[in-house]
$ cat data-v4.tsv   # TSV, C-alpha atoms and all ligand atoms
chain	number	residue	atom	x	y	z
A	1	MET	CA	-7.12	-21.22	5.75
A	2	SER	CA	-5.67	-18.83	3.23
A	3	ASP	CA	-3.27	-16.19	4.46
A	4	VAL	CA	-4.35	-13.40	2.14
A	5	SER	CA	-7.77	-13.48	0.58
A	6	LEU	CA	-9.40	-11.07	-1.84
A	7	ARG	CA	-13.17	-11.22	-2.39
A	8	GLY	CA	-14.69	-9.11	-5.14
A	9	VAL	CA	-12.07	-6.41	-4.62
A	10	ARG	CA	-12.75	-3.26	-6.63
A	11	LYS	CA	-11.05	0.06	-7.03
A	12	SER	CA	-12.29	3.25	-8.64
A	13	TYR	CA	-10.50	6.54	-9.08
A	14	GLY	CA	-13.33	9.03	-9.41
A	15	SER	CA	-15.81	7.52	-11.84
A	16	LEU	CA	-13.20	5.26	-13.45
A	17	GLU	CA	-13.06	1.68	-12.15
A	18	VAL	CA	-9.56	0.21	-12.60
A	19	VAL	CA	-9.90	-3.04	-10.58
A	20	HIS	CA	-13.08	-4.93	-11.38
A	21	GLY	CA	-13.81	-7.48	-8.68
A	22	VAL	CA	-10.75	-9.61	-8.01
A	23	ASP	CA	-11.05	-12.94	-6.17
A	24	LEU	CA	-7.86	-14.63	-5.01
A	25	ASP	CA	-6.75	-16.91	-2.17
A	26	ILE	CA	-3.07	-17.01	-1.25
A	27	GLN	CA	-1.84	-19.70	1.13
A	28	ALA	CA	0.56	-19.08	4.02
A	29	GLY	CA	4.13	-19.36	2.79
A	30	GLU	CA	3.15	-19.16	-0.85
A	31	PHE	CA	5.12	-17.08	-3.38
A	32	VAL	CA	2.61	-15.48	-5.74
A	33	VAL	CA	3.71	-13.32	-8.67
A	34	PHE	CA	1.45	-10.75	-10.38
A	35	VAL	CA	2.16	-10.12	-14.05
A	36	GLY	CA	0.29	-8.13	-16.67
A	37	PRO	CA	0.64	-5.11	-18.94
A	38	SER	CA	1.43	-1.68	-17.61
A	39	GLY	CA	-1.67	-0.06	-16.12
A	40	CYS	CA	-3.55	-3.33	-15.50
A	41	GLY	CA	-3.78	-2.69	-11.75
A	42	LYS	CA	-0.88	-4.65	-10.22
A	43	SER	CA	0.40	-1.81	-8.04
A	44	THR	CA	-3.11	-0.77	-7.10
A	45	LEU	CA	-3.84	-4.30	-5.87
A	46	LEU	CA	-0.66	-4.38	-3.78
A	47	ARG	CA	-1.38	-0.97	-2.30
A	48	MET	CA	-4.88	-2.07	-1.36
A	49	ILE	CA	-3.54	-5.22	0.33
A	50	ALA	CA	-0.97	-3.05	2.12
A	51	GLY	CA	-3.68	-0.66	3.25
A	52	LEU	CA	-2.03	2.27	1.47
A	53	GLU	CA	-5.08	2.72	-0.73
A	54	PRO	CA	-8.72	2.33	0.38
A	55	ILE	CA	-10.74	-0.27	-1.51
A	56	SER	CA	-13.92	0.74	-3.31
A	57	GLY	CA	-15.68	-2.61	-2.91
A	58	GLY	CA	-15.25	-6.18	-1.70
A	59	GLU	CA	-13.18	-7.57	1.13
A	60	ILE	CA	-9.52	-8.18	1.92
A	61	ALA	CA	-8.58	-10.61	4.70
A	62	ILE	CA	-5.10	-11.25	6.10
A	63	GLY	CA	-4.51	-14.18	8.43
A	64	GLY	CA	-8.25	-14.89	8.43
A	65	LYS	CA	-9.20	-11.42	9.60
A	66	VAL	CA	-10.96	-8.85	7.41
A	67	VAL	CA	-8.67	-5.81	7.28
A	68	ASN	CA	-10.74	-3.36	5.22
A	69	ASP	CA	-10.72	-0.93	8.14
A	70	VAL	CA	-7.35	-1.88	9.64
A	71	PRO	CA	-4.66	0.77	9.12
A	72	SER	CA	-1.55	-0.25	7.19
A	73	PRO	CA	0.91	-0.47	10.13
A	74	GLN	CA	-1.36	-2.97	11.89
A	75	ARG	CA	-1.75	-5.36	8.97
A	76	GLY	CA	1.45	-7.36	9.61
A	77	ILE	CA	2.69	-6.73	6.08
A	78	ALA	CA	5.79	-5.07	4.68
A	79	MET	CA	6.16	-3.53	1.26
A	80	VAL	CA	9.33	-3.19	-0.83
A	81	PHE	CA	9.18	-0.77	-3.78
A	82	GLN	CA	11.43	-0.37	-6.79
A	83	SER	CA	12.73	2.97	-5.57
A	84	TYR	CA	14.77	2.27	-2.48
A	85	ALA	CA	13.76	5.45	-0.64
A	86	LEU	CA	16.36	5.10	2.09
A	87	TYR	CA	16.81	8.03	4.46
A	88	PRO	CA	19.98	9.67	3.07
A	89	HIS	CA	21.03	11.24	6.39
A	90	MET	CA	20.88	7.94	8.34
A	91	SER	CA	23.32	5.05	8.43
A	92	VAL	CA	22.27	1.65	7.11
A	93	PHE	CA	21.73	0.47	10.68
A	94	ASP	CA	19.50	3.46	11.48
A	95	ASN	CA	17.59	3.04	8.23
A	96	MET	CA	16.84	-0.55	9.17
A	97	ALA	CA	16.07	0.29	12.79
A	98	PHE	CA	13.84	3.27	12.05
A	99	GLY	CA	10.50	1.45	11.94
A	100	LEU	CA	11.33	-0.47	15.11
A	101	LYS	CA	12.21	2.76	16.91
A	102	LEU	CA	8.89	4.26	15.85
A	103	ALA	CA	7.19	1.17	17.28
A	104	LYS	CA	9.14	1.74	20.54
A	105	THR	CA	10.89	-1.63	20.29
A	106	PRO	CA	13.47	-1.99	23.10
A	107	LYS	CA	17.02	-1.10	22.07
A	108	GLU	CA	18.53	-4.60	22.52
A	109	GLU	CA	15.68	-6.18	20.56
A	110	THR	CA	16.14	-3.63	17.78
A	111	GLU	CA	19.88	-4.32	17.67
A	112	ARG	CA	19.28	-8.07	17.55
A	113	ARG	CA	16.71	-7.89	14.76
A	114	VAL	CA	18.76	-5.49	12.60
A	115	ARG	CA	21.88	-7.67	12.93
A	116	GLU	CA	19.92	-10.83	12.12
A	117	ALA	CA	18.39	-9.22	9.00
A	118	ALA	CA	21.81	-7.88	7.97
A	119	ARG	CA	23.26	-11.38	8.36
A	120	ILE	CA	20.53	-12.95	6.21
A	121	LEU	CA	21.03	-10.28	3.52
A	122	GLN	CA	24.83	-10.27	3.85
A	123	ILE	CA	25.03	-6.55	4.47
A	124	GLU	CA	26.62	-6.73	7.94
A	125	PRO	CA	29.81	-4.97	6.75
A	126	TYR	CA	27.78	-1.94	5.65
A	127	LEU	CA	25.74	-1.25	8.78
A	128	ASP	CA	27.73	1.89	9.65
A	129	ARG	CA	27.80	3.28	6.12
A	130	MET	CA	25.59	5.98	4.70
A	131	PRO	CA	23.27	5.04	1.79
A	132	LYS	CA	25.22	7.15	-0.71
A	133	ALA	CA	28.27	4.93	-0.14
A	134	LEU	CA	26.33	1.83	-1.29
A	135	SER	CA	25.73	0.33	-4.73
A	136	GLY	CA	22.19	0.05	-6.08
A	137	GLY	CA	22.03	-3.63	-5.20
A	138	GLN	CA	23.24	-3.02	-1.65
A	139	ARG	CA	20.66	-0.27	-1.20
A	140	GLN	CA	17.92	-2.54	-2.38
A	141	ARG	CA	19.02	-5.12	0.20
A	142	VAL	CA	18.84	-2.47	2.91
A	143	ALA	CA	15.30	-1.69	1.74
A	144	ILE	CA	14.44	-5.39	2.03
A	145	GLY	CA	16.19	-5.44	5.42
A	146	ARG	CA	13.94	-2.65	6.65
A	147	ALA	CA	10.99	-4.89	5.80
A	148	ILE	CA	12.49	-8.03	7.41
A	149	VAL	CA	13.24	-6.46	10.80
A	150	ARG	CA	9.56	-5.91	11.38
A	151	ASP	CA	9.04	-9.67	11.06
A	152	PRO	CA	6.02	-9.36	8.77
A	153	LYS	CA	3.83	-12.35	7.93
A	154	VAL	CA	3.35	-11.07	4.40
A	155	PHE	CA	5.85	-9.34	2.08
A	156	LEU	CA	4.68	-7.27	-0.87
A	157	PHE	CA	7.21	-6.47	-3.59
A	158	ASP	CA	6.43	-3.99	-6.37
A	159	GLU	CA	8.99	-4.49	-9.16
A	160	PRO	CA	11.80	-4.42	-6.60
A	161	LEU	CA	14.57	-5.21	-9.07
A	162	SER	CA	13.59	-3.09	-12.04
A	163	ASN	CA	16.16	-0.38	-11.27
A	164	LEU	CA	19.04	-2.86	-11.18
A	165	ASP	CA	21.23	-3.91	-14.08
A	166	ALA	CA	20.80	-7.41	-15.51
A	167	SER	CA	23.52	-9.23	-13.58
A	168	LEU	CA	22.58	-7.65	-10.27
A	169	ARG	CA	18.94	-8.42	-10.99
A	170	ALA	CA	19.77	-12.09	-11.47
A	171	GLN	CA	21.83	-12.16	-8.29
A	172	THR	CA	19.18	-10.40	-6.19
A	173	ARG	CA	16.49	-12.65	-7.61
A	174	VAL	CA	18.36	-15.67	-6.25
A	175	GLU	CA	18.63	-13.92	-2.89
A	176	ILE	CA	14.91	-13.25	-2.80
A	177	ALA	CA	14.26	-16.93	-3.45
A	178	LYS	CA	16.59	-17.82	-0.55
A	179	LEU	CA	14.90	-15.24	1.62
A	180	HIS	CA	11.55	-16.82	0.93
A	181	ALA	CA	12.91	-20.24	1.88
A	182	THR	CA	14.58	-18.87	5.03
A	183	LEU	CA	11.72	-16.76	6.36
A	184	ASP	CA	8.89	-19.04	5.26
A	185	ALA	CA	6.76	-15.91	4.76
A	186	THR	CA	3.96	-15.29	2.29
A	187	MET	CA	5.22	-13.20	-0.62
A	188	ILE	CA	3.30	-11.32	-3.29
A	189	TYR	CA	5.57	-10.03	-6.00
A	190	VAL	CA	4.89	-7.80	-9.00
A	191	THR	CA	7.23	-7.99	-11.96
A	192	HIS	CA	7.56	-7.32	-15.68
A	193	ASP	CA	10.37	-9.84	-15.92
A	194	GLN	CA	9.29	-13.25	-17.07
A	195	VAL	CA	12.40	-14.98	-15.71
A	196	GLU	CA	11.63	-13.57	-12.27
A	197	ALA	CA	8.04	-14.75	-12.51
A	198	MET	CA	8.94	-18.24	-13.72
A	199	THR	CA	11.73	-18.86	-11.24
A	200	LEU	CA	10.21	-17.31	-8.12
A	201	ALA	CA	6.51	-18.14	-8.35
A	202	ASP	CA	4.60	-20.99	-6.80
A	203	ARG	CA	1.69	-19.47	-8.71
A	204	ILE	CA	1.47	-16.68	-11.27
A	205	VAL	CA	-1.55	-14.39	-11.46
A	206	VAL	CA	-2.01	-12.94	-14.96
A	207	LEU	CA	-3.88	-9.64	-14.83
A	208	ASN	CA	-5.37	-7.67	-17.69
A	209	ALA	CA	-7.29	-4.40	-17.45
A	210	GLY	CA	-8.18	-4.81	-13.77
A	211	LYS	CA	-9.22	-8.47	-13.95
A	212	ILE	CA	-7.58	-11.85	-13.43
A	213	GLU	CA	-7.18	-13.76	-16.69
A	214	GLN	CA	-5.62	-16.88	-15.15
A	215	VAL	CA	-3.98	-18.15	-11.98
A	216	GLY	CA	-1.67	-21.14	-12.14
A	217	SER	CA	1.77	-22.58	-11.65
A	218	PRO	CA	4.39	-21.44	-14.18
A	219	LEU	CA	4.10	-24.83	-15.88
A	220	GLU	CA	0.30	-24.63	-16.09
A	221	LEU	CA	0.43	-21.20	-17.69
A	222	TYR	CA	2.88	-22.45	-20.30
A	223	THR	CA	1.20	-25.71	-21.07
A	224	ARG	CA	-2.47	-24.77	-20.57
A	225	PRO	CA	-3.06	-21.03	-21.05
A	226	VAL	CA	-6.83	-20.43	-20.88
A	227	ASN	CA	-6.91	-17.86	-23.66
A	228	THR	CA	-4.86	-16.09	-26.28
A	229	PHE	CA	-4.13	-13.17	-23.95
A	230	VAL	CA	-2.35	-15.43	-21.44
A	231	ALA	CA	-0.61	-17.39	-24.18
A	232	GLY	CA	0.47	-14.19	-25.91
A	233	PHE	CA	1.57	-12.48	-22.74
A	234	ILE	CA	3.63	-15.41	-21.52
A	235	ALA	CA	5.14	-15.99	-24.95
A	236	SER	CA	5.81	-12.31	-25.66
A	237	GLN	CA	8.03	-12.11	-22.62
A	238	ARG	CA	10.43	-14.82	-23.69
A	301	LIG	P1	0.26	-1.32	-12.94
A	301	LIG	O1	0.97	-1.32	-11.61
A	301	LIG	O2	-0.27	-2.66	-13.33
A	301	LIG	O3	1.08	-0.72	-14.04
A	301	LIG	P2	-1.51	0.57	-11.65
A	301	LIG	O4	-2.09	-0.23	-10.54
A	301	LIG	O5	-0.44	1.52	-11.29
A	301	LIG	O6	-1.05	-0.39	-12.82
A	301	LIG	O7	-2.66	1.40	-12.34
A	301	LIG	C1	-3.90	0.82	-12.71
A	301	LIG	C2	-4.77	1.89	-13.36
A	301	LIG	O8	-5.16	2.84	-12.37
A	301	LIG	C3	-4.07	2.69	-14.45
A	301	LIG	O9	-5.02	2.96	-15.45
A	301	LIG	C4	-3.65	3.95	-13.75
A	301	LIG	O10	-3.60	5.04	-14.65
A	301	LIG	C5	-4.77	4.15	-12.73
A	301	LIG	N1	-4.30	4.83	-11.49
A	301	LIG	C6	-3.37	4.38	-10.64
A	301	LIG	N2	-3.20	5.22	-9.60
A	301	LIG	C7	-4.07	6.23	-9.82
A	301	LIG	C8	-4.40	7.44	-9.10
A	301	LIG	N3	-3.80	7.76	-7.94
A	301	LIG	N4	-5.35	8.24	-9.63
A	301	LIG	C9	-5.97	7.92	-10.79
A	301	LIG	N5	-5.72	6.82	-11.50
A	301	LIG	C10	-4.79	5.98	-11.04
A	302	MG	MG	2.90	-0.73	-11.09
$ encode --input "data-v4.tsv" --output "structure tokens"
Amino acid sequence: MSDVSLRGVRKSYGSLEVVHGVDLDIQAGEFVVFVGPSGCGKSTLLRMIAGLEPISGGEIAIGGKVVNDVPSPQRGIAMVFQSYALYPHMSVFDNMAFGLKLAKTPKEETERRVREAARILQIEPYLDRMPKALSGGQRQRVAIGRAIVRDPKVFLFDEPLSNLDASLRAQTRVEIAKLHATLDATMIYVTHDQVEAMTLADRIVVLNAGKIEQVGSPLELYTRPVNTFVAGFIASQR
């Protein structure tokens, strides 16, 4: 059974359709990367899976259950954006604990989960600091930590590293790969960066103008692109 499944998923803004019937099955534990030109619908797809954007047609299922009418907090997913959006007036610990407090998680359980996430992300020394005292890379780890503490089955990442400089991006990319191995969670990851796509993905989904052009392993896309768009897109990113 697939963990996340899209069936004929469509999205229109007013009279303009921007996602034209996307079908995709993602297996539990799989790392799937969405690539494609700016404006092709990558973020819109993630937001629809997250339940942050209503879908205009089709069906989205998570864990075998259709979630079209399930509100975002009940979908068992967590989303990490490129802008870290930490609460500036709260410590790192409180930033990470915030969602758990809202969900009325007992204090000891909250403490345990925040410390475990901080250990995995190697940000334990910063738990008492305020966000402004952190580097960009540390802040992004706190943002990922906020997602981890909720123990989601599915992680959605929308260009999470695009605000980081090249060396930090490379370092954080390795950490995301480790995180995937450690948590054994399903991850859907949007990026412009071909190295990220090639190194992180079990499968890459190439999108163009609201449609899937090809889905395949990094090797398949290189060796057997189905059309010139895929070939050109993969090659142009080298
Ligand atoms: P990507 O993330 O691949 O760059 P998006 O999913 O953000 O693309 O956008 C897909 C298309 O939908 C674009 O043409 C964009 O202009 C349009 N779009 C996205 N959000 C909105 C919105 N809130 N209202 C109207 N059009 C939107
Ligand atoms: Mg986007």
$ residues_near_ligand --input "data-v4.tsv" --ligand "ligand LIG 301 (chain A)" --cutoff "10 Å" --atoms "all atoms listed in the file" --output "mmCIF file with C-alpha atoms, in the frame of the given file"
data_model
loop_
_atom_site.group_PDB
_atom_site.id
_atom_site.type_symbol
_atom_site.label_atom_id
_atom_site.label_comp_id
_atom_site.auth_asym_id
_atom_site.auth_seq_id
_atom_site.Cartn_x
_atom_site.Cartn_y
_atom_site.Cartn_z
ATOM 1 C CA LYS A 11 -11.050 0.060 -7.030
ATOM 2 C CA SER A 12 -12.290 3.250 -8.640
ATOM 3 C CA TYR A 13 -10.500 6.540 -9.080
ATOM 4 C CA GLY A 14 -13.330 9.030 -9.410
ATOM 5 C CA SER A 15 -15.810 7.520 -11.840
ATOM 6 C CA LEU A 16 -13.200 5.260 -13.450
ATOM 7 C CA GLU A 17 -13.060 1.680 -12.150
ATOM 8 C CA VAL A 18 -9.560 0.210 -12.600
ATOM 9 C CA VAL A 19 -9.900 -3.040 -10.580
ATOM 10 C CA PHE A 34 1.450 -10.750 -10.380
ATOM 11 C CA VAL A 35 2.160 -10.120 -14.050
ATOM 12 C CA GLY A 36 0.290 -8.130 -16.670
ATOM 13 C CA PRO A 37 0.640 -5.110 -18.940
ATOM 14 C CA SER A 38 1.430 -1.680 -17.610
ATOM 15 C CA GLY A 39 -1.670 -0.060 -16.120
ATOM 16 C CA CYS A 40 -3.550 -3.330 -15.500
ATOM 17 C CA GLY A 41 -3.780 -2.690 -11.750
ATOM 18 C CA LYS A 42 -0.880 -4.650 -10.220
ATOM 19 C CA SER A 43 0.400 -1.810 -8.040
ATOM 20 C CA THR A 44 -3.110 -0.770 -7.100
ATOM 21 C CA LEU A 45 -3.840 -4.300 -5.870
ATOM 22 C CA LEU A 46 -0.660 -4.380 -3.780
ATOM 23 C CA ARG A 47 -1.380 -0.970 -2.300
ATOM 24 C CA MET A 48 -4.880 -2.070 -1.360
ATOM 25 C CA GLU A 53 -5.080 2.720 -0.730
ATOM 26 C CA ASP A 158 6.430 -3.990 -6.370
ATOM 27 C CA GLU A 159 8.990 -4.490 -9.160
ATOM 28 C CA VAL A 190 4.890 -7.800 -9.000
ATOM 29 C CA THR A 191 7.230 -7.990 -11.960
ATOM 30 C CA HIS A 192 7.560 -7.320 -15.680
ATOM 31 C CA LEU A 207 -3.880 -9.640 -14.830
ATOM 32 C CA ASN A 208 -5.370 -7.670 -17.690
ATOM 33 C CA ALA A 209 -7.290 -4.400 -17.450
ATOM 34 C CA GLY A 210 -8.180 -4.810 -13.770
#
$ residues_around --input "data-v4.tsv" --residues "Lys153 (chain A)" --least-positions-apart "2" --cutoff "7 Å" --atoms "only C-alpha atoms" --output "PyMOL selection string"
chain A and resi 76-77+151+155+185-186
$ residues_around --input "data-v4.tsv" --residues "Arg119 (chain A)" --least-positions-apart "5" --cutoff "12 Å" --atoms "only C-alpha atoms" --output "PyMOL selection string"
chain A and resi 112-114+124-127+141-142+145+148-149+179+182
$ write_last_selection --input "data-v4.tsv" --atoms "C-alpha atoms" --output "tab-separated table (two decimals), in the coordinates of the input"
chain	number	residue	atom	x	y	z
A	112	ARG	CA	19.28	-8.07	17.55
A	113	ARG	CA	16.71	-7.89	14.76
A	114	VAL	CA	18.76	-5.49	12.60
A	124	GLU	CA	26.62	-6.73	7.94
A	125	PRO	CA	29.81	-4.97	6.75
A	126	TYR	CA	27.78	-1.94	5.65
A	127	LEU	CA	25.74	-1.25	8.78
A	141	ARG	CA	19.02	-5.12	0.20
A	142	VAL	CA	18.84	-2.47	2.91
A	145	GLY	CA	16.19	-5.44	5.42
A	148	ILE	CA	12.49	-8.03	7.41
A	149	VAL	CA	13.24	-6.46	10.80
A	179	LEU	CA	14.90	-15.24	1.62
A	182	THR	CA	14.58	-18.87	5.03
$ closest_residue --input "data-v4.tsv" --among "A:Gln27, A:Pro131, A:Gln82, A:Ser2" --to "ligand MG 302 (chain A)" --atoms "only C-alpha atoms and all ligand atoms"
A:Gln82
$ residues_around --input "data-v4.tsv" --residues "Met130 (chain A)" --least-positions-apart "3" --cutoff "8 Å" --atoms "all atoms listed in the file" --output "NGL selection string"
:A and (88-92 or 133-134)
$ closest_residue --input "data-v4.tsv" --among "A:Ser135, A:Ser217, A:Gln122, A:Ser83" --to "ligand MG 302 (chain A)" --atoms "all atoms listed in the file"
A:Ser83
$ closest_residue --input "data-v4.tsv" --among "A:Ala235, A:Val215, A:Thr110, A:Arg203" --to "Asp94 (chain A)" --atoms "all atoms listed in the file"
A:Thr110
$ closest_residue --input "data-v4.tsv" --among "A:Thr228, A:Gln214, A:Ser162, A:Thr199" --to "ligand MG 302 (chain A)" --atoms "only C-alpha atoms and all ligand atoms"
A:Ser162
$ residues_around --input "data-v4.tsv" --residues "Ala231 (chain A)" --least-positions-apart "3" --cutoff "12 Å" --atoms "all atoms listed in the file" --output "ChimeraX atom specification"
/A:36,206,213-214,218,220-228,234-238
$ residues_near_point --input "data-v4.tsv" --point "(18.6, -12.8, 0.1)" --cutoff "12 Å" --atoms "only C-alpha atoms" --output "ChimeraX atom specification"
/A:117-123,137-138,140-145,148,169-183
$ build_atoms --input "data-v4.tsv" --residues "region 58-70 of chain A" --atoms "N, CA and C atoms" --output "compact mmCIF listing (two decimals), in the frame of the given file"
# COMPACT_ATOMS: atom_id res chain seq x y z
N GLY A 58 -15.77 -4.85 -1.99
CA GLY A 58 -15.25 -6.18 -1.70
C GLY A 58 -14.59 -6.25 -0.35
N GLU A 59 -13.74 -7.28 -0.19
CA GLU A 59 -13.18 -7.57 1.13
C GLU A 59 -11.76 -8.10 0.98
N ILE A 60 -10.87 -7.63 1.86
CA ILE A 60 -9.52 -8.18 1.92
C ILE A 60 -9.33 -8.75 3.33
N ALA A 61 -8.86 -10.01 3.40
CA ALA A 61 -8.58 -10.61 4.70
C ALA A 61 -7.11 -11.03 4.74
N ILE A 62 -6.48 -10.80 5.89
CA ILE A 62 -5.10 -11.25 6.10
C ILE A 62 -5.09 -12.08 7.38
N GLY A 63 -4.53 -13.29 7.27
CA GLY A 63 -4.51 -14.18 8.43
C GLY A 63 -5.92 -14.47 8.96
N GLY A 64 -6.88 -14.54 8.05
CA GLY A 64 -8.25 -14.89 8.43
C GLY A 64 -9.07 -13.74 8.97
N LYS A 65 -8.48 -12.55 9.01
CA LYS A 65 -9.20 -11.42 9.60
C LYS A 65 -9.42 -10.36 8.52
N VAL A 66 -10.66 -9.89 8.40
CA VAL A 66 -10.96 -8.85 7.41
C VAL A 66 -10.25 -7.55 7.85
N VAL A 67 -9.50 -6.97 6.92
CA VAL A 67 -8.67 -5.81 7.28
C VAL A 67 -9.11 -4.53 6.58
N ASN A 68 -10.29 -4.56 5.96
CA ASN A 68 -10.74 -3.36 5.22
C ASN A 68 -10.55 -2.07 6.02
N ASP A 69 -10.82 -2.14 7.32
CA ASP A 69 -10.72 -0.93 8.14
C ASP A 69 -9.50 -0.91 9.04
N VAL A 70 -8.56 -1.84 8.80
CA VAL A 70 -7.35 -1.88 9.64
C VAL A 70 -6.27 -1.02 8.98
